[in-house]
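A.B. asks: After the structure tokens below, expect a handful of questions from me.
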Amino acid sequence: WSVTCGSLVAGSTWYGISAVNGQDVASLYGVPLVYAASGLFRPLDAPAFIEGVDVSRWQGAIDFFSFQSAGKRFVIAKATEGIGFLDPMYLSNKVGASGAGMAITAYHFARPDLNPTNPQCEADWFVDNLGLVPGMLAPALDLEVAGSLGTAGLQAWVKAWLDRVYERTGIRPMIYVSPSFWEKYLADTTMFADQGYAILWVAHWFVAGPPVPANN
């Protein structure tokens with residue numbers, strides 16, 4: 001078995017573990033058993049990733065049950081853009097994905113070009129329309145537009161947006177970005193990872209393994 005714990009987890013089903021890599025836990029930790037939520041574990045021959053889909057109004061009406069039947073397990077739906085735009089399909093996508101038994105979250109399309117001094121307002125617009133409830137995945141900031149802020153200015157803009165969402169929700173959002181955007185406009189910074197924003201959604205298609213910004 002293999003297990004990875006990337007965040008706080010909870011569950012009602014637990015494994016009692018007596019050995020780790022062949023060494024008994026009594027000698028490792030001084031207790032006869034340690035416990036871990038069963039959902040953390042997967043067989044070593046299980047797929048190394050879980051597939052999901054990214055949707056917005058451009059996909060129109062979606063049959064989420066067909067996605068679920070095809071093995072897709074989560075949906076990341078566009079909710080908002082800038083200040084004032086709400087994706088007209090967000091609510092139906094959220095309800096449809098949840099109804100099909102898929103995990104769901106939303107992303108905000110950042111517009112530092114239109115709102116260079118208002119990252120907190122963009123964050124508030126997103127949170128106000130997100131409808132965050134227990135069980136949803138971490139929300140996302142979609143970075144595709146740089147504007148004219150410069151590297152330091154854009155870094156500050158992104159940090160202000162992330163911090164505002166964290167302040168209001170208690171959840172550290174993930175960041176969606178291409179490796180080239182991160183390198184060109186954000187100077188390949190590790191600042192956000194260092195501050196606990198640990199989930200990265202890498203935008204890089206048609207490759208077996210995308211390069212990861214900021215030296216991984």
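Just remember, in the structure tokens the first chain shown is A, the second B, etc., residues are 1-based per chain, and ligands are 1-based in the order shown.
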From a backbone DSSP assignment, name each residue in chain A labelled strand (DSSP E or B), as a VMD selection string.
C.D. replies: chain A and resid 2 to 3 14 to 17 19 to 20 23 to 24 34 to 37 41 to 42 52 to 55 74 to 81 85 to 86 103 to 109 140 to 142 174 to 177 200 to 202
A.B. asks: Quick one: pick out all alpha helix (DSSP H) residues within range 63-161 of chain A from a backbone DSSP run and write them as a PyMOL selection string.
C.D. replies: chain A and resi 64-69+90-99+119-130+150-161
A.B. asks: Suppose we keep C-alpha atoms; can you now write the selection as a compact mmCIF listing (two decimals), in the first residue's frame?
C.D. replies:
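As a result, selection.txt now contains:
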# COMPACT_ATOMS: atom_id res chain seq x y z
CA PHE A 64 -22.24 14.75 -15.59
CA PHE A 65 -23.39 11.16 -15.18
CA SER A 66 -21.56 10.33 -18.42
CA PHE A 67 -18.39 11.89 -16.99
CA GLN A 68 -18.81 9.91 -13.80
CA SER A 69 -19.36 6.68 -15.75
CA TYR A 90 -21.95 27.78 -12.58
CA LEU A 91 -24.93 26.93 -10.41
CA SER A 92 -26.26 24.24 -12.77
CA ASN A 93 -22.77 22.79 -13.17
CA LYS A 94 -22.33 22.68 -9.41
CA VAL A 95 -25.69 21.02 -8.85
CA GLY A 96 -25.21 18.61 -11.75
CA ALA A 97 -21.74 17.50 -10.68
CA SER A 98 -22.81 17.00 -7.08
CA GLY A 99 -25.89 15.09 -8.20
CA PRO A 119 -7.63 42.09 -5.79
CA GLN A 120 -9.61 41.92 -2.54
CA CYS A 121 -12.78 43.01 -4.34
CA GLU A 122 -12.26 40.27 -6.93
CA ALA A 123 -11.75 37.81 -4.09
CA ASP A 124 -14.93 38.99 -2.36
CA TRP A 125 -16.92 38.66 -5.59
CA PHE A 126 -15.66 35.09 -5.94
CA VAL A 127 -16.38 34.06 -2.35
CA ASP A 128 -19.81 35.70 -2.44
CA ASN A 129 -20.75 33.48 -5.39
CA LEU A 130 -18.74 30.36 -4.58
CA GLY A 150 5.08 44.18 -13.33
CA THR A 151 6.48 41.22 -11.46
CA ALA A 152 6.40 42.64 -7.93
CA GLY A 153 2.99 44.20 -8.47
CA LEU A 154 1.46 41.00 -9.82
CA GLN A 155 2.95 38.97 -7.00
CA ALA A 156 1.38 41.37 -4.52
CA TRP A 157 -1.95 41.24 -6.38
CA VAL A 158 -2.03 37.43 -6.31
CA LYS A 159 -1.04 37.33 -2.66
CA ALA A 160 -3.78 39.79 -1.72
CA TRP A 161 -6.40 37.72 -3.59
A.B. asks: Need to verify the contact set: Phe74 in chain A, 6 Å, only C-alpha atoms, exclusion of same-chain residues closer than 5 positions in sequence. Can you return it as a PyMOL selection string?
C.D. replies: chain A and resi 52+102-104
A.B. asks: Save out the residues we just selected, all heavy atoms, as a short mmCIF file (atom, residue, chain, number, x, y, z; two decimals), in the first residue's frame.
C.D. replies:
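Once everything was written out, this is result.cif:
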data_model
loop_
_atom_site.label_atom_id
_atom_site.label_comp_id
_atom_site.auth_asym_id
_atom_site.auth_seq_id
_atom_site.Cartn_x
_atom_site.Cartn_y
_atom_site.Cartn_z
N GLY A 52 -10.35 14.42 -13.61
CA GLY A 52 -11.49 15.29 -13.45
C GLY A 52 -11.66 16.15 -14.67
O GLY A 52 -10.92 16.01 -15.66
N MET A 102 -19.93 13.51 -8.03
CA MET A 102 -18.57 13.98 -8.28
C MET A 102 -18.21 15.08 -7.30
O MET A 102 -19.05 15.90 -6.92
CB MET A 102 -18.44 14.49 -9.72
CG MET A 102 -18.82 13.45 -10.77
SD MET A 102 -18.79 14.13 -12.45
CE MET A 102 -17.01 14.24 -12.73
N ALA A 103 -16.95 15.11 -6.89
CA ALA A 103 -16.47 16.22 -6.07
C ALA A 103 -16.47 17.48 -6.92
O ALA A 103 -16.28 17.44 -8.14
CB ALA A 103 -15.07 15.92 -5.56
N ILE A 104 -16.66 18.63 -6.27
CA ILE A 104 -16.83 19.88 -7.02
C ILE A 104 -16.07 21.01 -6.35
O ILE A 104 -15.93 21.04 -5.12
CB ILE A 104 -18.33 20.25 -7.14
CG1 ILE A 104 -18.56 21.57 -7.88
CG2 ILE A 104 -18.99 20.30 -5.77
CD1 ILE A 104 -18.34 21.50 -9.35
#
A.B. asks: Could you jot down the CA of Lys184 in chain A to CA of Pro210 in chain A separation for me, Å, one decimal place?
C.D. replies: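 Between these atoms lies a distance of 16.6 Å.
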A.B. asks: Between CA of Phe181 in chain A and CA of Leu141 in chain A, what is the distance in Å, rounded to a tenth?
C.D. replies: 13.7 Å
A.B. asks: Need to verify the contact set: Ala61 in chain A, 8 Å, only C-alpha atoms, exclusion of same-chain residues closer than 2 positions in sequence. Can you return it as a PyMOL selection string?
C.D. replies: chain A and resi 59+63+89
A.B. asks: With C-alpha atoms retained, export the selected residues as a PDB file, in the first residue's frame.
C.D. replies:
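Output (again.pdb):
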ATOM      1  CA  GLN A  59     -19.458  23.636 -22.648  1.00  0.00           C
ATOM      2  CA  ASP A  63     -24.321  15.226 -18.734  1.00  0.00           C
ATOM      3  CA  MET A  89     -23.713  27.870 -15.954  1.00  0.00           C
TER       4      MET A  89
END
A.B. asks: For each of A:Asp87, A:Ile175, A:Gly82, A:Val34, take the minimum atom-to-atom distance to Gly60 in chain A, counting only C-alpha atoms, then give the residue where this is smallest.
C.D. replies: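 When distances to Gly60 in chain A are compared using only C-alpha atoms, the smallest one comes from A:Asp87.
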A.B. asks: Restrict the calculation to only C-alpha atoms, then for each residue of range 70-141 of chain A with any atom at most 12 Å from an atom of range 145-148 of chain A give the closest atom pair and their distance in Å to one decimal, rows by chain and rising residue number, as CSV.
C.D. replies:
residue,atom,partner,partner_atom,distance
A:Glu81,CA,A:Val145,CA,11.3
A:Gly82,CA,A:Val145,CA,10.9
A:Phe109,CA,A:Val145,CA,8.7
A:Ala110,CA,A:Val145,CA,7.0
A:Arg111,CA,A:Val145,CA,6.4
A:Pro112,CA,A:Gly147,CA,5.6
A:Asp113,CA,A:Gly147,CA,3.8
A:Leu114,CA,A:Gly147,CA,7.6
A:Asn115,CA,A:Gly147,CA,9.1
A:Pro116,CA,A:Gly147,CA,7.7
A:Thr117,CA,A:Gly147,CA,11.4
A:Leu141,CA,A:Val145,CA,11.5
